[in-house]
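> Dropping in input.cif, which is mmCIF, N, CA and C atoms and all ligand atoms:
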```cif
data_my_file
loop_
_atom_site.group_PDB
_atom_site.id
_atom_site.type_symbol
_atom_site.label_atom_id
_atom_site.label_comp_id
_atom_site.auth_asym_id
_atom_site.auth_seq_id
_atom_site.Cartn_x
_atom_site.Cartn_y
_atom_site.Cartn_z
ATOM 1 N N MET A 259 99.885 70.334 139.732
ATOM 2 C CA MET A 259 100.947 70.702 138.808
ATOM 3 C C MET A 259 101.557 69.435 138.230
ATOM 4 N N ARG A 260 101.966 69.524 137.004
ATOM 5 C CA ARG A 260 102.522 68.367 136.346
ATOM 6 C C ARG A 260 104.005 68.593 136.058
ATOM 7 N N ILE A 261 104.792 67.622 136.403
ATOM 8 C CA ILE A 261 106.226 67.693 136.174
ATOM 9 C C ILE A 261 106.628 66.556 135.260
ATOM 10 N N ILE A 262 107.329 66.889 134.222
ATOM 11 C CA ILE A 262 107.729 65.878 133.257
ATOM 12 C C ILE A 262 109.182 65.502 133.510
ATOM 13 N N CYS A 263 109.394 64.236 133.703
ATOM 14 C CA CYS A 263 110.740 63.747 133.973
ATOM 15 C C CYS A 263 111.631 63.976 132.758
ATOM 16 N N LEU A 264 112.788 64.531 133.015
ATOM 17 C CA LEU A 264 113.721 64.792 131.918
ATOM 18 C C LEU A 264 114.409 63.518 131.446
ATOM 19 N N SER A 265 114.345 62.525 132.256
ATOM 20 C CA SER A 265 115.039 61.297 131.931
ATOM 21 C C SER A 265 114.172 60.344 131.119
ATOM 22 N N CYS A 266 112.927 60.157 131.553
ATOM 23 C CA CYS A 266 112.079 59.158 130.905
ATOM 24 C C CYS A 266 110.815 59.745 130.298
ATOM 25 N N GLY A 267 110.505 60.998 130.604
ATOM 26 C CA GLY A 267 109.323 61.619 130.021
ATOM 27 C C GLY A 267 108.040 61.346 130.781
ATOM 28 N N HIS A 268 108.155 60.652 131.881
ATOM 29 C CA HIS A 268 106.982 60.365 132.699
ATOM 30 C C HIS A 268 106.398 61.653 133.275
ATOM 31 N N LYS A 269 105.081 61.755 133.231
ATOM 32 C CA LYS A 269 104.424 62.938 133.787
ATOM 33 C C LYS A 269 104.012 62.649 135.221
ATOM 34 N N MET A 270 104.567 63.432 136.118
ATOM 35 C CA MET A 270 104.250 63.266 137.526
ATOM 36 C C MET A 270 103.303 64.357 137.975
ATOM 37 N N GLU A 271 102.222 63.926 138.571
ATOM 38 C CA GLU A 271 101.283 64.895 139.126
ATOM 39 C C GLU A 271 101.660 65.113 140.590
ATOM 40 N N VAL A 272 101.993 66.342 140.923
ATOM 41 C CA VAL A 272 102.349 66.634 142.307
ATOM 42 C C VAL A 272 101.293 67.546 142.913
ATOM 43 N N ASP A 273 101.101 67.390 144.195
ATOM 44 C CA ASP A 273 100.020 68.146 144.833
ATOM 45 C C ASP A 273 100.483 69.547 145.236
ATOM 46 N N THR A 274 99.612 70.240 145.896
ATOM 47 C CA THR A 274 99.865 71.644 146.188
ATOM 48 C C THR A 274 101.008 71.843 147.170
ATOM 49 N N ALA A 275 101.439 70.776 147.813
ATOM 50 C CA ALA A 275 102.605 70.885 148.691
ATOM 51 C C ALA A 275 103.837 71.319 147.907
ATOM 52 N N TYR A 276 103.784 71.115 146.611
ATOM 53 C CA TYR A 276 104.929 71.462 145.765
ATOM 54 C C TYR A 276 104.721 72.781 145.015
ATOM 55 N N ASP A 277 103.720 73.535 145.398
ATOM 56 C CA ASP A 277 103.474 74.798 144.711
ATOM 57 C C ASP A 277 104.579 75.823 144.955
ATOM 58 N N ASP A 278 105.240 75.685 146.056
ATOM 59 C CA ASP A 278 106.329 76.604 146.372
ATOM 60 C C ASP A 278 107.439 75.773 147.000
ATOM 61 N N PHE A 279 108.242 75.234 146.160
ATOM 62 C CA PHE A 279 109.154 74.175 146.583
ATOM 63 C C PHE A 279 110.453 74.268 145.807
ATOM 64 N N GLU A 280 111.519 73.956 146.490
ATOM 65 C CA GLU A 280 112.774 73.793 145.777
ATOM 66 C C GLU A 280 113.483 72.600 146.384
ATOM 67 N N GLY A 281 113.825 71.663 145.522
ATOM 68 C CA GLY A 281 114.501 70.491 146.025
ATOM 69 C C GLY A 281 114.342 69.321 145.083
ATOM 70 N N PRO A 282 114.812 68.205 145.523
ATOM 71 C CA PRO A 282 114.782 67.033 144.664
ATOM 72 C C PRO A 282 113.483 66.252 144.780
ATOM 73 N N ILE A 283 113.054 65.723 143.670
ATOM 74 C CA ILE A 283 111.986 64.737 143.694
ATOM 75 C C ILE A 283 112.457 63.553 142.870
ATOM 76 N N LYS A 284 111.916 62.432 143.169
ATOM 77 C CA LYS A 284 112.371 61.220 142.507
ATOM 78 C C LYS A 284 111.284 60.681 141.605
ATOM 79 N N CYS A 285 111.701 60.369 140.394
ATOM 80 C CA CYS A 285 110.772 59.803 139.428
ATOM 81 C C CYS A 285 110.696 58.291 139.607
ATOM 82 N N LEU A 286 109.681 57.741 138.990
ATOM 83 C CA LEU A 286 109.523 56.287 139.009
ATOM 84 C C LEU A 286 110.724 55.575 138.399
ATOM 85 N N CYS A 287 111.356 56.238 137.446
ATOM 86 C CA CYS A 287 112.464 55.601 136.738
ATOM 87 C C CYS A 287 113.749 55.631 137.558
ATOM 88 N N GLY A 288 113.694 56.310 138.701
ATOM 89 C CA GLY A 288 114.862 56.365 139.554
ATOM 90 C C GLY A 288 115.671 57.636 139.389
ATOM 91 N N ALA A 289 115.325 58.456 138.407
ATOM 92 C CA ALA A 289 116.039 59.713 138.195
ATOM 93 C C ALA A 289 115.662 60.711 139.288
ATOM 94 N N MET A 290 116.674 61.446 139.733
ATOM 95 C CA MET A 290 116.406 62.513 140.672
ATOM 96 C C MET A 290 116.326 63.818 139.902
ATOM 97 N N LEU A 291 115.218 64.478 140.060
ATOM 98 C CA LEU A 291 115.035 65.771 139.409
ATOM 99 C C LEU A 291 115.072 66.858 140.466
ATOM 100 N N HIS A 292 115.795 67.896 140.163
ATOM 101 C CA HIS A 292 115.799 69.040 141.067
ATOM 102 C C HIS A 292 114.831 70.064 140.489
ATOM 103 N N ILE A 293 113.818 70.408 141.241
ATOM 104 C CA ILE A 293 112.825 71.354 140.735
ATOM 105 C C ILE A 293 112.744 72.576 141.638
ATOM 106 N N LYS A 294 112.299 73.641 141.016
ATOM 107 C CA LYS A 294 112.018 74.859 141.768
ATOM 108 C C LYS A 294 110.683 75.383 141.276
ATOM 109 N N THR A 295 109.778 75.572 142.187
ATOM 110 C CA THR A 295 108.459 76.063 141.817
ATOM 111 C C THR A 295 108.110 77.295 142.643
ATOM 112 N N GLU A 296 107.282 78.105 142.043
ATOM 113 C CA GLU A 296 106.780 79.286 142.742
ATOM 114 C C GLU A 296 105.329 79.487 142.352
ATOM 115 N N GLU A 297 104.492 79.605 143.350
ATOM 116 C CA GLU A 297 103.067 79.870 143.113
ATOM 117 C C GLU A 297 102.461 78.889 142.118
ATOM 118 N N GLY A 298 102.857 77.653 142.272
ATOM 119 C CA GLY A 298 102.271 76.614 141.437
ATOM 120 C C GLY A 298 102.834 76.529 140.035
ATOM 121 N N LYS A 299 103.887 77.284 139.775
ATOM 122 C CA LYS A 299 104.488 77.250 138.440
ATOM 123 C C LYS A 299 105.914 76.737 138.526
ATOM 124 N N LEU A 300 106.239 75.930 137.562
ATOM 125 C CA LEU A 300 107.572 75.363 137.523
ATOM 126 C C LEU A 300 108.560 76.389 136.972
ATOM 127 N N LYS A 301 109.542 76.707 137.773
ATOM 128 C CA LYS A 301 110.522 77.722 137.373
ATOM 129 C C LYS A 301 111.792 77.086 136.823
ATOM 130 N N GLU A 302 112.176 76.016 137.459
ATOM 131 C CA GLU A 302 113.417 75.360 137.047
ATOM 132 C C GLU A 302 113.261 73.857 137.198
ATOM 133 N N ILE A 303 113.873 73.162 136.297
ATOM 134 C CA ILE A 303 113.949 71.709 136.448
ATOM 135 C C ILE A 303 115.238 71.232 135.808
ATOM 136 N N HIS A 304 115.944 70.403 136.524
ATOM 137 C CA HIS A 304 117.097 69.772 135.929
ATOM 138 C C HIS A 304 117.388 68.453 136.627
ATOM 139 N N LEU A 305 118.087 67.635 135.938
ATOM 140 C CA LEU A 305 118.455 66.353 136.515
ATOM 141 C C LEU A 305 119.544 66.556 137.547
ATOM 142 N N GLU A 306 119.396 65.876 138.657
ATOM 143 C CA GLU A 306 120.469 65.849 139.642
ATOM 144 C C GLU A 306 121.580 64.989 139.074
ATOM 145 N N THR A 307 122.683 65.624 138.792
ATOM 146 C CA THR A 307 123.771 64.873 138.165
ATOM 147 C C THR A 307 124.809 64.425 139.171
ATOM 148 N N HIS A 308 124.813 65.069 140.302
ATOM 149 C CA HIS A 308 125.852 64.766 141.281
ATOM 150 C C HIS A 308 125.367 63.798 142.355
ATOM 151 N N GLU A 309 124.365 63.027 141.993
ATOM 152 C CA GLU A 309 123.899 62.046 142.962
ATOM 153 C C GLU A 309 124.886 60.890 143.068
ATOM 154 N N ARG A 310 124.815 60.255 144.187
ATOM 155 C CA ARG A 310 125.619 59.061 144.352
ATOM 156 C C ARG A 310 125.134 57.980 143.405
ATOM 157 N N GLU A 311 126.047 57.268 142.872
ATOM 158 C CA GLU A 311 125.648 56.190 141.984
ATOM 159 C C GLU A 311 124.932 55.112 142.783
ATOM 160 N N THR A 312 123.742 54.847 142.322
ATOM 161 C CA THR A 312 122.950 53.869 143.040
ATOM 162 C C THR A 312 123.289 52.467 142.545
ATOM 163 N N CYS A 313 123.992 51.770 143.365
ATOM 164 C CA CYS A 313 124.361 50.406 143.026
ATOM 165 C C CYS A 313 123.299 49.465 143.586
ATOM 166 N N ALA A 314 122.370 49.153 142.753
ATOM 167 C CA ALA A 314 121.276 48.287 143.203
ATOM 168 C C ALA A 314 121.645 46.830 143.026
ATOM 169 N N THR A 315 122.646 46.476 143.738
ATOM 170 C CA THR A 315 123.065 45.079 143.637
ATOM 171 C C THR A 315 122.296 44.264 144.661
ATOM 172 N N THR A 316 121.393 43.514 144.157
ATOM 173 C CA THR A 316 120.629 42.628 145.034
ATOM 174 C C THR A 316 121.315 41.279 145.085
ATOM 175 N N GLU A 317 121.971 41.090 146.164
ATOM 176 C CA GLU A 317 122.695 39.828 146.286
ATOM 177 C C GLU A 317 121.758 38.727 146.753
ATOM 178 N N HIS A 318 121.703 37.717 145.934
ATOM 179 C CA HIS A 318 120.861 36.590 146.291
ATOM 180 C C HIS A 318 121.658 35.580 147.108
ATOM 181 N N THR A 319 121.475 35.710 148.368
ATOM 182 C CA THR A 319 122.147 34.732 149.215
ATOM 183 C C THR A 319 121.374 33.417 149.141
ATOM 184 N N GLY A 320 122.099 32.390 148.895
ATOM 185 C CA GLY A 320 121.497 31.074 148.638
ATOM 186 C C GLY A 320 120.373 30.712 149.579
ATOM 187 N N GLN A 321 119.311 30.274 149.004
ATOM 188 C CA GLN A 321 118.146 29.932 149.825
ATOM 189 C C GLN A 321 118.083 28.442 150.143
HETATM 190 ZN ZN ZN B 401 111.635 59.351 134.978
#
```
Could you rewrite the structure in this file as structure tokens?


Amino acid sequence: MRIICLSCGHKMEVDTAYDDFEGPIKCLCGAMLHIKTEEGKLKEIHLETHERETCATTEHTGQ
């Protein structure tokens, strides 16, 4: 099954483990998508909007 990221448009190929699934998946772009599938068909998809803000602050401690 193919899932298209709502944020970046990336097409994600997911295996049959997701044929009957509801929950979040993470795209390469870092967006969390909440999907619901049934019998291998995508029923719902939306961006997780209530996620914690990911502060990817990589502090470079002096080397
Ligand atoms: Zn994406």

> Hey, which residues come within 6 Å of ligand ZN 401 (chain B) if we count only N, CA and C atoms and all ligand atoms? Could you give them as a list in words?

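Those within range of ligand ZN 401 (chain B) are Cys263, Leu264, Ser265, Cys266, Gly267, His268, Cys285, Leu286, Cys287, Gly288 and Ala289 of chain A.
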
> Residue by residue, what does the PyMOL selection byres (((chain A and resi 304 and name CA) around 10) and not hetatm and name CA) grab here? Present the result as a PyMOL selection string.

chain A and resi 263-265+282+290-294+302-303+305-307

> What would the file look like if the residues just selected were written as a CSV table (one decimal), in the coordinates of the input with N, CA and C atoms?


```
chain,number,residue,atom,x,y,z
A,263,CYS,N,109.4,64.2,133.7
A,263,CYS,CA,110.7,63.7,134.0
A,263,CYS,C,111.6,64.0,132.8
A,264,LEU,N,112.8,64.5,133.0
A,264,LEU,CA,113.7,64.8,131.9
A,264,LEU,C,114.4,63.5,131.4
A,265,SER,N,114.3,62.5,132.3
A,265,SER,CA,115.0,61.3,131.9
A,265,SER,C,114.2,60.3,131.1
A,282,PRO,N,114.8,68.2,145.5
A,282,PRO,CA,114.8,67.0,144.7
A,282,PRO,C,113.5,66.3,144.8
A,290,MET,N,116.7,61.4,139.7
A,290,MET,CA,116.4,62.5,140.7
A,290,MET,C,116.3,63.8,139.9
A,291,LEU,N,115.2,64.5,140.1
A,291,LEU,CA,115.0,65.8,139.4
A,291,LEU,C,115.1,66.9,140.5
A,292,HIS,N,115.8,67.9,140.2
A,292,HIS,CA,115.8,69.0,141.1
A,292,HIS,C,114.8,70.1,140.5
A,293,ILE,N,113.8,70.4,141.2
A,293,ILE,CA,112.8,71.4,140.7
A,293,ILE,C,112.7,72.6,141.6
A,294,LYS,N,112.3,73.6,141.0
A,294,LYS,CA,112.0,74.9,141.8
A,294,LYS,C,110.7,75.4,141.3
A,302,GLU,N,112.2,76.0,137.5
A,302,GLU,CA,113.4,75.4,137.0
A,302,GLU,C,113.3,73.9,137.2
A,303,ILE,N,113.9,73.2,136.3
A,303,ILE,CA,113.9,71.7,136.4
A,303,ILE,C,115.2,71.2,135.8
A,305,LEU,N,118.1,67.6,135.9
A,305,LEU,CA,118.5,66.4,136.5
A,305,LEU,C,119.5,66.6,137.5
A,306,GLU,N,119.4,65.9,138.7
A,306,GLU,CA,120.5,65.8,139.6
A,306,GLU,C,121.6,65.0,139.1
A,307,THR,N,122.7,65.6,138.8
A,307,THR,CA,123.8,64.9,138.2
A,307,THR,C,124.8,64.4,139.2
```

> Please compute the atom CA of A:Tyr276-atom C of A:Ile261 distance, one decimal, in Å.

11.7 Å

> So what do you get for atom CA of A:Glu271 versus atom CA of A:Thr295, distance-wise?

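Between atom CA of A:Glu271 and atom CA of A:Thr295 the gap is 13.5 Å.
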
> Have a look at atom N of A:Glu297 and atom N of A:Lys269 and let me know their distance in Å, one decimal.

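Separating atom N of A:Glu297 from atom N of A:Lys269 is a distance of 20.5 Å.
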